[in-house]
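Novice: Contents of start_19.tsv (TSV, C-alpha atoms and all ligand atoms) are given next:
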chain	number	residue	atom	x	y	z
A	13	MET	CA	182.15	-34.48	-79.94
A	14	ASN	CA	184.89	-36.39	-78.09
A	15	ARG	CA	183.80	-38.51	-75.15
A	16	TRP	CA	187.09	-37.90	-73.37
A	17	ASN	CA	188.53	-34.88	-71.62
A	18	LYS	CA	192.17	-35.83	-72.10
A	19	ARG	CA	193.65	-38.00	-74.82
A	20	PRO	CA	196.53	-40.18	-73.57
A	21	GLU	CA	199.96	-39.53	-74.98
A	22	SER	CA	200.84	-42.00	-77.77
A	23	SER	CA	197.20	-42.81	-78.32
A	24	ASN	CA	195.22	-42.67	-81.56
A	25	TRP	CA	191.84	-41.97	-79.98
A	26	GLY	CA	189.57	-40.31	-82.49
A	27	ASP	CA	191.85	-40.98	-85.48
A	28	PHE	CA	189.52	-43.73	-86.75
A	29	GLY	CA	186.41	-41.75	-85.71
A	30	ASN	CA	185.01	-40.68	-82.38
A	31	ASP	CA	182.84	-43.79	-82.15
A	32	ASP	CA	185.41	-46.25	-83.44
A	33	GLN	CA	185.49	-49.65	-81.72
A	34	LEU	CA	187.89	-51.47	-84.04
A	35	GLY	CA	191.16	-49.68	-83.44
A	36	ARG	CA	194.01	-50.75	-85.68
A	37	LEU	CA	191.85	-53.43	-87.32
A	38	ASN	CA	190.71	-50.48	-89.44
A	39	LEU	CA	194.04	-50.83	-91.24
A	40	ILE	CA	193.06	-54.28	-92.51
A	41	ASN	CA	191.18	-53.03	-95.54
A	42	GLU	CA	190.46	-54.62	-98.91
A	43	SER	CA	193.95	-54.10	-100.28
A	44	LYS	CA	195.44	-55.57	-97.11
A	45	VAL	CA	193.28	-58.67	-97.49
A	46	LEU	CA	194.51	-58.99	-101.08
A	47	GLN	CA	198.09	-58.72	-99.84
A	48	GLY	CA	197.30	-61.58	-97.48
A	49	VAL	CA	195.73	-63.66	-100.24
A	50	ALA	CA	198.85	-63.08	-102.34
A	51	GLU	CA	200.83	-64.99	-99.70
A	52	VAL	CA	198.92	-68.17	-100.53
A	53	LYS	CA	201.43	-70.05	-102.67
A	54	VAL	CA	200.90	-73.76	-101.98
A	55	GLY	CA	197.42	-73.93	-100.40
A	56	LYS	CA	198.58	-75.58	-97.18
A	57	THR	CA	196.64	-74.72	-94.01
A	58	PHE	CA	197.59	-74.72	-90.32
A	59	CYS	CA	195.28	-74.62	-87.32
A	60	LEU	CA	196.76	-72.11	-84.87
A	61	SER	CA	194.62	-73.04	-81.86
A	62	LEU	CA	195.62	-75.21	-78.97
A	63	PRO	CA	192.95	-77.65	-77.82
A	64	LEU	CA	190.88	-75.29	-75.67
A	65	ASP	CA	191.27	-77.48	-72.58
A	66	LEU	CA	195.00	-76.69	-72.59
A	67	PRO	CA	197.22	-75.48	-70.88
A	68	GLY	CA	195.35	-77.57	-68.24
A	69	GLY	CA	194.63	-76.66	-64.60
A	70	ASN	CA	195.01	-73.04	-63.58
A	71	VAL	CA	198.77	-72.73	-63.27
A	72	LEU	CA	199.04	-69.90	-65.79
A	73	SER	CA	196.24	-67.84	-64.31
A	74	PRO	CA	194.56	-68.50	-60.95
A	75	VAL	CA	191.24	-67.14	-62.20
A	76	ARG	CA	190.92	-69.02	-65.49
A	77	PHE	CA	189.83	-72.65	-65.75
A	78	PRO	CA	189.38	-75.17	-68.56
A	79	PRO	CA	186.00	-75.32	-70.29
A	80	GLN	CA	183.37	-77.49	-68.62
A	81	LEU	CA	180.98	-79.25	-70.95
A	82	ARG	CA	177.54	-80.25	-69.68
A	83	PRO	CA	174.59	-81.89	-71.38
A	84	VAL	CA	171.55	-79.68	-71.70
A	85	ILE	CA	168.53	-80.86	-69.73
A	86	ARG	CA	165.38	-81.75	-71.64
A	87	ASN	CA	162.31	-83.14	-69.91
A	88	ASP	CA	164.33	-83.41	-66.67
A	89	GLU	CA	166.99	-85.65	-68.18
A	90	PRO	CA	170.33	-85.04	-69.83
A	91	TYR	CA	169.84	-84.59	-73.53
A	92	TYR	CA	172.69	-86.97	-74.38
A	93	ASN	CA	172.04	-89.87	-76.75
A	94	TYR	CA	168.37	-89.04	-76.44
A	95	GLU	CA	166.27	-91.65	-78.20
A	96	TRP	CA	163.40	-90.03	-80.00
A	97	ARG	CA	161.50	-93.31	-80.00
A	98	LYS	CA	160.58	-92.34	-76.43
A	99	LYS	CA	158.30	-89.77	-78.06
A	100	ASP	CA	157.17	-91.85	-80.99
A	101	SER	CA	158.12	-95.46	-81.64
A	102	ARG	CA	158.58	-94.79	-85.35
A	103	PHE	CA	161.59	-92.53	-84.76
A	104	THR	CA	165.11	-93.93	-84.83
A	105	ASP	CA	166.74	-90.54	-84.25
A	106	ILE	CA	169.34	-90.06	-81.50
A	107	ALA	CA	170.20	-86.52	-80.35
A	108	THR	CA	172.78	-84.84	-78.14
A	109	ASP	CA	173.16	-81.17	-77.17
A	110	ASP	CA	175.67	-79.63	-74.85
A	111	ALA	CA	176.36	-76.40	-73.01
A	112	VAL	CA	179.72	-75.04	-71.88
A	113	LEU	CA	181.06	-72.92	-69.05
A	114	LEU	CA	183.80	-71.17	-70.94
A	115	HIS	CA	186.48	-68.93	-69.49
A	116	THR	CA	186.87	-66.89	-72.63
A	117	GLN	CA	190.58	-66.23	-72.08
A	118	TYR	CA	191.70	-69.62	-70.82
A	119	SER	CA	193.41	-70.91	-73.95
A	120	THR	CA	193.96	-69.67	-77.53
A	121	GLN	CA	192.21	-66.31	-77.49
A	122	TRP	CA	191.89	-62.68	-78.43
A	123	ASP	CA	191.75	-59.88	-75.87
A	124	SER	CA	189.07	-57.39	-76.87
A	125	LEU	CA	189.59	-53.66	-76.39
A	126	ALA	CA	187.26	-53.93	-73.38
A	127	HIS	CA	189.73	-56.23	-71.61
A	128	ARG	CA	192.03	-53.59	-70.15
A	129	GLY	CA	191.61	-49.89	-69.57
A	130	SER	CA	193.09	-47.29	-67.27
A	131	LEU	CA	192.14	-44.84	-64.55
A	132	PHE	CA	193.25	-42.14	-66.91
A	133	ASP	CA	190.46	-39.75	-67.68
A	134	VAL	CA	188.73	-37.56	-65.10
A	135	ASN	CA	185.08	-36.69	-64.76
A	136	ASP	CA	183.80	-33.14	-64.54
A	137	ASP	CA	184.52	-33.16	-60.77
A	138	GLY	CA	188.12	-34.17	-61.40
A	139	HIS	CA	187.70	-37.75	-60.18
A	140	PRO	CA	189.51	-40.51	-62.09
A	141	VAL	CA	187.24	-42.58	-64.29
A	142	PRO	CA	187.94	-46.12	-65.50
A	143	THR	CA	188.35	-45.58	-69.22
A	144	TYR	CA	188.96	-47.83	-72.20
A	145	TYR	CA	190.10	-47.37	-75.82
A	146	ASN	CA	188.76	-44.26	-77.54
A	147	GLY	CA	187.54	-42.86	-74.23
A	148	TYR	CA	184.73	-45.36	-73.63
A	149	ARG	CA	183.92	-45.46	-69.94
A	150	ALA	CA	183.26	-48.23	-67.47
A	151	GLY	CA	179.66	-48.27	-66.30
A	152	SER	CA	178.05	-46.40	-69.13
A	153	ASP	CA	179.88	-48.15	-71.98
A	154	VAL	CA	182.11	-51.03	-70.99
A	155	VAL	CA	181.30	-53.89	-68.61
A	156	MET	CA	178.57	-53.46	-66.03
A	157	ASP	CA	175.80	-51.12	-66.95
A	158	SER	CA	173.73	-49.34	-64.31
A	159	SER	CA	171.82	-52.59	-63.62
A	160	GLN	CA	175.21	-54.21	-62.90
A	161	LYS	CA	174.69	-56.55	-65.79
A	162	VAL	CA	178.05	-57.86	-66.95
A	163	GLY	CA	178.92	-57.35	-70.60
A	164	ALA	CA	180.58	-54.68	-72.66
A	165	LYS	CA	178.10	-52.44	-74.41
A	166	LYS	CA	180.99	-50.96	-76.34
A	167	LEU	CA	184.28	-52.51	-77.48
A	168	GLY	CA	183.00	-56.09	-76.98
A	169	ILE	CA	184.62	-58.88	-78.95
A	170	GLU	CA	181.70	-58.98	-81.40
A	171	ASN	CA	183.16	-55.90	-83.11
A	172	MET	CA	186.26	-57.85	-83.96
A	173	ALA	CA	184.21	-60.84	-85.12
A	174	LYS	CA	182.12	-58.68	-87.43
A	175	HIS	CA	185.29	-57.29	-88.99
A	176	GLY	CA	186.34	-60.84	-89.85
A	177	VAL	CA	190.05	-60.57	-88.97
A	178	GLN	CA	191.50	-61.78	-92.22
A	179	GLY	CA	194.69	-60.39	-93.68
A	180	ARG	CA	198.44	-60.63	-94.01
A	181	ALA	CA	200.44	-61.84	-91.04
A	182	VAL	CA	204.16	-61.93	-90.36
A	183	MET	CA	205.80	-64.63	-88.26
A	184	VAL	CA	208.72	-63.75	-86.03
A	185	ASN	CA	210.53	-66.86	-84.86
A	186	LEU	CA	211.75	-65.77	-81.44
A	187	HIS	CA	212.19	-69.39	-80.40
A	188	LYS	CA	214.93	-69.89	-83.01
A	189	HIS	CA	216.89	-66.95	-81.64
A	190	PHE	CA	216.24	-67.16	-77.90
A	191	GLY	CA	215.24	-70.77	-77.08
A	192	ASN	CA	213.20	-71.78	-74.03
A	193	PHE	CA	215.48	-71.03	-71.06
A	194	PRO	CA	216.45	-68.68	-69.62
A	195	ARG	CA	213.45	-66.58	-70.54
A	196	LYS	CA	214.47	-63.75	-72.82
A	197	GLU	CA	212.81	-60.37	-72.48
A	198	VAL	CA	212.90	-59.09	-76.01
A	199	CYS	CA	213.55	-55.37	-76.39
A	200	TYR	CA	213.48	-53.24	-79.54
A	201	ASP	CA	217.13	-53.89	-80.39
A	202	ASP	CA	216.64	-57.67	-80.06
A	203	LEU	CA	213.57	-57.55	-82.27
A	204	MET	CA	215.32	-55.52	-84.94
A	205	LEU	CA	218.28	-57.95	-84.93
A	206	VAL	CA	215.83	-60.81	-85.55
A	207	PHE	CA	214.11	-58.83	-88.31
A	208	SER	CA	217.40	-58.17	-90.03
A	209	ALA	CA	218.69	-61.76	-89.60
A	210	GLU	CA	215.47	-63.15	-91.07
A	211	ASN	CA	214.80	-60.42	-93.67
A	212	ILE	CA	211.48	-59.63	-92.00
A	213	VAL	CA	209.64	-56.54	-93.17
A	214	VAL	CA	206.55	-55.42	-91.26
A	215	GLU	CA	204.17	-52.97	-92.89
A	216	PRO	CA	201.14	-51.07	-91.57
A	217	GLY	CA	198.09	-53.32	-91.34
A	218	ASP	CA	200.12	-56.52	-90.88
A	219	ILE	CA	199.31	-58.84	-87.99
A	220	LEU	CA	202.47	-59.63	-86.03
A	221	CYS	CA	202.81	-63.22	-84.79
A	222	LEU	CA	205.50	-64.05	-82.26
A	223	TRP	CA	206.45	-67.70	-81.85
A	224	THR	CA	208.32	-68.32	-78.61
A	225	GLY	CA	208.07	-72.11	-78.16
A	226	LEU	CA	205.75	-71.98	-75.15
A	227	ASP	CA	203.00	-73.74	-77.13
A	228	LYS	CA	205.26	-76.78	-77.58
A	229	LEU	CA	206.00	-76.92	-73.85
A	230	ILE	CA	202.27	-76.68	-73.11
A	231	LEU	CA	201.51	-79.53	-75.51
A	232	GLU	CA	204.33	-81.66	-74.07
A	233	MET	CA	202.96	-81.15	-70.55
A	234	ASP	CA	199.74	-82.67	-71.86
A	235	GLY	CA	197.28	-80.95	-69.55
A	236	SER	CA	199.45	-81.07	-66.40
A	237	PRO	CA	201.49	-77.88	-66.67
A	238	ASP	CA	204.01	-76.87	-64.04
A	239	ASP	CA	205.32	-73.53	-62.81
A	240	SER	CA	208.27	-73.60	-65.20
A	241	LEU	CA	205.95	-72.17	-67.84
A	242	HIS	CA	206.09	-68.86	-65.98
A	243	SER	CA	209.80	-68.53	-66.63
A	244	ALA	CA	210.05	-70.18	-70.04
A	245	CYS	CA	210.33	-68.74	-73.54
A	246	ALA	CA	210.57	-65.22	-74.87
A	247	VAL	CA	208.27	-62.37	-73.94
A	248	LEU	CA	208.29	-58.77	-75.11
A	249	ASP	CA	209.90	-56.31	-72.72
A	250	GLY	CA	207.17	-53.74	-72.11
A	251	ARG	CA	209.57	-51.57	-70.10
A	252	ASP	CA	211.55	-50.76	-73.24
A	253	GLU	CA	210.40	-47.37	-74.48
A	254	LYS	CA	211.93	-47.96	-77.90
A	255	LEU	CA	209.86	-51.11	-78.32
A	256	LEU	CA	206.69	-49.25	-77.33
A	257	ALA	CA	207.53	-46.49	-79.80
A	258	TRP	CA	208.03	-49.07	-82.57
A	259	ILE	CA	204.64	-50.66	-81.86
A	260	GLU	CA	203.09	-47.22	-82.14
A	261	GLU	CA	204.92	-46.22	-85.31
A	262	SER	CA	204.88	-49.56	-87.17
A	263	GLY	CA	201.14	-49.49	-87.83
A	264	ILE	CA	200.79	-53.19	-86.96
A	265	ALA	CA	197.13	-54.13	-86.82
A	266	ALA	CA	197.29	-56.79	-84.07
A	267	ILE	CA	199.82	-58.90	-82.17
A	268	ALA	CA	199.48	-62.61	-81.43
A	269	SER	CA	201.84	-64.93	-79.60
A	270	ASP	CA	201.94	-68.42	-78.16
A	271	ASN	CA	202.78	-67.15	-74.69
A	272	LEU	CA	200.53	-66.08	-71.85
A	273	ALA	CA	200.43	-62.33	-72.27
A	274	VAL	CA	202.70	-61.30	-75.20
A	275	GLU	CA	204.75	-59.36	-72.65
A	276	ALA	CA	206.41	-60.21	-69.34
A	277	VAL	CA	203.99	-60.56	-66.42
A	278	GLY	CA	204.81	-59.92	-62.77
A	279	LYS	CA	207.87	-57.75	-63.32
A	280	GLU	CA	208.94	-55.03	-60.93
A	281	THR	CA	207.22	-51.84	-62.05
A	282	PRO	CA	209.64	-48.91	-62.48
A	283	CYS	CA	208.75	-45.97	-60.22
A	284	CYS	CA	208.01	-43.77	-63.25
A	285	SER	CA	205.43	-46.25	-64.59
A	286	THR	CA	201.72	-46.33	-63.80
A	287	THR	CA	200.93	-49.69	-65.39
A	288	ILE	CA	201.76	-53.29	-64.57
A	289	LEU	CA	201.39	-54.36	-68.21
A	290	PRO	CA	202.79	-51.59	-70.44
A	291	ILE	CA	202.19	-53.40	-73.75
A	292	HIS	CA	198.59	-54.15	-72.79
A	293	GLU	CA	198.11	-50.52	-71.87
A	294	LEU	CA	199.67	-49.26	-75.09
A	295	CYS	CA	197.92	-51.77	-77.35
A	296	LEU	CA	194.45	-52.30	-75.89
A	297	PHE	CA	193.91	-48.94	-74.22
A	298	LYS	CA	195.82	-46.38	-76.27
A	299	LEU	CA	196.07	-47.74	-79.80
A	300	GLY	CA	193.26	-50.27	-80.19
A	301	ILE	CA	195.63	-53.14	-81.04
A	302	HIS	CA	194.03	-56.48	-80.17
A	303	LEU	CA	196.29	-59.03	-78.47
A	304	GLY	CA	196.16	-62.75	-79.20
A	305	GLU	CA	197.55	-65.08	-76.58
A	306	LEU	CA	198.34	-68.77	-76.19
A	307	TRP	CA	198.13	-69.42	-79.92
A	308	HIS	CA	199.61	-72.59	-81.35
A	309	LEU	CA	202.21	-71.30	-83.78
A	310	ALA	CA	204.88	-74.03	-83.68
A	311	GLU	CA	204.02	-76.06	-86.78
A	312	LEU	CA	203.46	-73.01	-88.93
A	313	ALA	CA	206.63	-71.28	-87.68
A	314	GLU	CA	208.70	-74.40	-88.39
A	315	TRP	CA	207.20	-74.74	-91.87
A	316	LEU	CA	207.89	-71.09	-92.65
A	317	GLU	CA	211.46	-71.44	-91.39
A	318	LYS	CA	212.02	-74.48	-93.61
A	319	ASN	CA	210.56	-72.66	-96.59
A	320	LYS	CA	212.41	-69.40	-95.90
A	321	ARG	CA	209.22	-67.39	-95.56
A	322	SER	CA	207.77	-65.17	-92.87
A	323	ARG	CA	204.48	-63.93	-94.35
A	324	PHE	CA	201.21	-65.83	-94.59
A	325	PHE	CA	197.46	-65.37	-94.97
A	326	LEU	CA	195.69	-65.38	-91.61
A	327	THR	CA	192.01	-65.82	-90.82
A	328	ALA	CA	191.32	-65.43	-87.11
A	329	PRO	CA	187.84	-64.26	-86.10
A	330	PRO	CA	186.83	-64.58	-82.44
A	331	LEU	CA	183.35	-65.80	-81.48
A	332	ARG	CA	180.66	-63.25	-82.25
A	333	LEU	CA	179.76	-63.30	-78.58
A	334	THR	CA	178.05	-60.01	-77.85
A	335	GLY	CA	179.53	-58.13	-74.90
A	336	ALA	CA	182.39	-60.55	-74.19
A	337	VAL	CA	185.72	-58.99	-73.30
A	338	GLY	CA	187.74	-61.81	-74.82
A	339	SER	CA	187.13	-64.88	-76.91
A	340	PRO	CA	188.59	-68.14	-78.05
A	341	THR	CA	189.62	-68.17	-81.68
A	342	THR	CA	190.55	-70.95	-84.09
A	343	PRO	CA	192.97	-69.07	-86.33
A	344	ILE	CA	193.80	-70.61	-89.68
A	345	ALA	CA	196.99	-69.81	-91.56
A	346	THR	CA	197.23	-70.48	-95.27
A	347	VAL	CA	200.62	-70.46	-97.01
B	401	LIG	C1	197.48	-61.77	-68.48
B	401	LIG	O1	197.06	-62.85	-68.13
B	401	LIG	C2	198.41	-61.02	-67.63
B	401	LIG	O2	197.20	-61.23	-69.68
B	401	LIG	P1	195.74	-61.24	-70.28
B	401	LIG	O3	194.83	-60.76	-69.19
B	401	LIG	O4	195.77	-60.36	-71.45
B	401	LIG	O5	195.43	-62.66	-70.67
Let me see the structure of the file written as structure tokens.
Specialist:
Amino acid sequence: MNRWNKRPESSNWGDFGNDDQLGRLNLINESKVLQGVAEVKVGKTFCLSLPLDLPGGNVLSPVRFPPQLRPVIRNDEPYYNYEWRKKDSRFTDIATDDAVLLHTQYSTQWDSLAHRGSLFDVNDDGHPVPTYYNGYRAGSDVVMDSSQKVGAKKLGIENMAKHGVQGRAVMVNLHKHFGNFPRKEVCYDDLMLVFSAENIVVEPGDILCLWTGLDKLILEMDGSPDDSLHSACAVLDGRDEKLLAWIEESGIAAIASDNLAVEAVGKETPCCSTTILPIHELCLFKLGIHLGELWHLAELAEWLEKNKRSRFFLTAPPLRLTGAVGSPTTPIATV
């Protein structure tokens, strides 16, 4: 039985099963992994994560802060360089443990399908209900159960981790075509022009990676970012219906970029729209397409450009952190 009363237009709810929590990751099956492996030609690897303490400060998002590392406390003292000879004079061991306060979406990360939903569905009394991908509901399923305990019982990032997130990815070098300034809002026609100029072919189950150049600016700012990041480098134009239709029809399994939110943030919302982030709504809520943000794609994109390639093998699991709505990832590309 469906858990929703209405299925949103352009959604695939139920297509992967009524209880599905993976969304389009279902398209990364064994043959897709083999297609990814077939892109390994020279055995060179690239780390696609920024250092997790970048961008630095909270200029990109007022609610997200760099990780804070702390020693754990053992016997009322910090367990840093702990000398075990305190316990027994024979022991020469030294030990250190740490703990971290981690804003899961501060730096290189995946958004889980529990990250954004919509007041779309209605309950039996006709009241709007906060709903997530595949009709899972806030309260009973996603974030905050009846005891107000935070954590997604459904759609948490651990589902993605368990899948493994390993397959074929396609790099789109938006930086080459649009530069840093002025910020380009990339619509369907722009994207297709880049695809045709670069002979890029995207097939169902591929992971789409968009390099915009923002990662290089972040690294250059070296932990002291300024507001110019908000108006730098390409973003997808979520107001372009043709682009949204292409995302739906293309069968792409996930999208990752080096920018803040894949799409433009803080734009004027057209009066006909009911969402401030149309690509988030389409991907996370309607289609189950995970979004990767603030990835470090520069070195890989430049290597691919030099070697006239766009496809590569990508391994990008998040942390298997039960109930989290997002997670850092250390994606590895192999070419
Ligand atoms: C924004 O910061 C707008 O995007 P996300 O919440 O997906 O990181």
Novice: Would you list the residues that come within 10 Å of ligand LIG 401 (chain B)? Count only C-alpha atoms and all ligand atoms and give the answer as a PyMOL selection string.
Specialist: chain A and resi 72-76+116-124+127-128+271-278+288-289+291-292+296+302-306+338
Novice: With only C-alpha atoms as the basis for distance, which of A:Pro194, A:Gly48, A:Gly168, A:Gly26 is at the shortest distance from Ser243 in chain A?
Specialist: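 With only C-alpha atoms as the atom set, the closest residue is A:Pro194.
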Novice: Taking all atoms listed in the file into account, which of A:Gly217, A:Pro78, A:Gly138, A:Gly69 comes nearest Glu42 in chain A?
Specialist: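 Under the stated criterion, the closest residue is A:Gly217.
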Novice: Could you pull the residues within 9 Å of range 203-208 of chain A, counting all atoms listed in the file, minus those fewer than 2 positions along the same chain, as number ranges by chain?
Specialist: A: 184-186, 189, 198-201, 210-214, 248, 255
Novice: To one decimal place in Å, what is the distance between CA of Val54 in chain A and CA of His175 in chain A?
Specialist: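 Atom-to-atom, CA of Val54 in chain A to CA of His175 in chain A, that is 26.1 Å.
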Novice: Nearest to Asp110 in chain A among A:Leu294, A:Leu39, A:Val141, A:Val84, with distances taken over only C-alpha atoms: which residue is it?
Specialist: A:Val84
Novice: Applying 10 Å and only C-alpha atoms, which residues near Gln33 in chain A remain after dropping the ones on its own chain fewer than 4 positions away? List them as a list in words.
Specialist: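 Everything that qualifies: Phe28, Gly29, Leu37, Asn38, Ser124, Leu125, Ala126, Tyr145, Asn146, Tyr148, Lys166, Leu167, Gly168, Ile169, Asn171, Met172 and Gly300 of chain A.
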Novice: Would you mind reading off the distance between CA of Cys295 in chain A and CA of Val247 in chain A, one decimal, in Å?
Specialist: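 Distance reported for this atom pair: 15.2 Å.
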Novice: Taking only C-alpha atoms into account, which of A:Leu81, A:Val112, A:Ala181, A:Ile344 comes nearest Ala50 in chain A?
Specialist: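 Using only C-alpha atoms, Ala50 in chain A sits closest to A:Ala181.
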Novice: Between CA of Pro340 in chain A and CA of Leu64 in chain A, what is the distance in Å, rounded to a tenth?
Specialist: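 Calculated distance between CA of Pro340 in chain A and CA of Leu64 in chain A is 7.9 Å.
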Novice: Kindly assemble as JSON lines a list of the range 182-237 of chain A residues that lie within 9 Å of range 309-315 of chain A, each paired with its nearest atom pair and their distance in Å to one decimal, using all atoms listed in the file, sorted first by chain and then by ascending residue number.
Specialist:
{"residue": "A:Met183", "atom": "CA", "partner": "A:Ala313", "partner_atom": "CA", "distance": 6.7}
{"residue": "A:Val184", "atom": "CA", "partner": "A:Ala313", "partner_atom": "CA", "distance": 8.0}
{"residue": "A:Asn185", "atom": "CA", "partner": "A:Ala313", "partner_atom": "CA", "distance": 6.5}
{"residue": "A:Cys221", "atom": "CA", "partner": "A:Leu309", "partner_atom": "CA", "distance": 8.2}
{"residue": "A:Leu222", "atom": "CA", "partner": "A:Leu309", "partner_atom": "CA", "distance": 8.1}
{"residue": "A:Trp223", "atom": "CA", "partner": "A:Leu309", "partner_atom": "CA", "distance": 5.9}
{"residue": "A:Thr224", "atom": "CA", "partner": "A:Ala310", "partner_atom": "CA", "distance": 8.4}
{"residue": "A:Gly225", "atom": "CA", "partner": "A:Ala310", "partner_atom": "CA", "distance": 6.7}
{"residue": "A:Leu226", "atom": "CA", "partner": "A:Ala310", "partner_atom": "CA", "distance": 8.8}
{"residue": "A:Asp227", "atom": "CA", "partner": "A:Ala310", "partner_atom": "CA", "distance": 6.8}
{"residue": "A:Lys228", "atom": "CA", "partner": "A:Ala310", "partner_atom": "CA", "distance": 6.7}
Novice: Fewer than 3 positions away in the same chain doesn't count, so skip those; otherwise give me all residues within 7 Å of Pro83 in chain A, counting only C-alpha atoms, as a list in words.
Specialist: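 Once the nearby chain positions are removed, what remains is Pro90, Tyr91, Tyr92, Asp109, Asp110 and Ala111 of chain A.
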Novice: Take range 291-329 of chain A from the block and save it with C-alpha atoms, as an mmCIF file, in the first residue's frame.
Specialist:
data_model
loop_
_atom_site.group_PDB
_atom_site.id
_atom_site.type_symbol
_atom_site.label_atom_id
_atom_site.label_comp_id
_atom_site.auth_asym_id
_atom_site.auth_seq_id
_atom_site.Cartn_x
_atom_site.Cartn_y
_atom_site.Cartn_z
ATOM 1 C CA ILE A 291 16.516 21.424 -8.121
ATOM 2 C CA HIS A 292 16.609 20.305 -4.494
ATOM 3 C CA GLU A 293 12.878 19.748 -4.595
ATOM 4 C CA LEU A 294 13.023 17.814 -7.857
ATOM 5 C CA CYS A 295 16.067 15.749 -6.920
ATOM 6 C CA LEU A 296 15.779 15.025 -3.206
ATOM 7 C CA PHE A 297 12.014 15.088 -2.801
ATOM 8 C CA LYS A 298 10.543 13.913 -6.087
ATOM 9 C CA LEU A 299 13.143 11.697 -7.748
ATOM 10 C CA GLY A 300 15.439 10.471 -4.978
ATOM 11 C CA ILE A 301 18.564 11.953 -6.582
ATOM 12 C CA HIS A 302 21.226 12.612 -3.943
ATOM 13 C CA LEU A 303 23.096 15.913 -4.230
ATOM 14 C CA GLY A 304 26.801 16.286 -3.505
ATOM 15 C CA GLU A 305 28.068 19.744 -2.672
ATOM 16 C CA LEU A 306 31.389 21.495 -2.132
ATOM 17 C CA TRP A 307 33.366 18.669 -3.702
ATOM 18 C CA HIS A 308 36.940 19.281 -4.798
ATOM 19 C CA LEU A 309 36.827 18.549 -8.507
ATOM 20 C CA ALA A 310 39.494 20.896 -9.913
ATOM 21 C CA GLU A 311 42.475 18.561 -10.254
ATOM 22 C CA LEU A 312 40.418 15.752 -11.718
ATOM 23 C CA ALA A 313 38.570 18.071 -14.127
ATOM 24 C CA GLU A 314 41.855 19.552 -15.341
ATOM 25 C CA TRP A 315 43.372 16.099 -15.820
ATOM 26 C CA LEU A 316 40.334 14.904 -17.750
ATOM 27 C CA GLU A 317 40.429 18.022 -19.926
ATOM 28 C CA LYS A 318 44.105 17.455 -20.712
ATOM 29 C CA ASN A 319 43.443 13.823 -21.532
ATOM 30 C CA LYS A 320 40.296 14.538 -23.557
ATOM 31 C CA ARG A 321 38.094 12.417 -21.322
ATOM 32 C CA SER A 322 34.938 13.056 -19.349
ATOM 33 C CA ARG A 323 34.126 9.686 -17.751
ATOM 34 C CA PHE A 324 35.755 8.138 -14.702
ATOM 35 C CA PHE A 325 35.214 5.568 -11.963
ATOM 36 C CA LEU A 326 33.854 7.150 -8.791
ATOM 37 C CA THR A 327 33.718 5.766 -5.264
ATOM 38 C CA ALA A 328 31.917 8.127 -2.901
ATOM 39 C CA PRO A 329 30.228 6.594 0.145
#
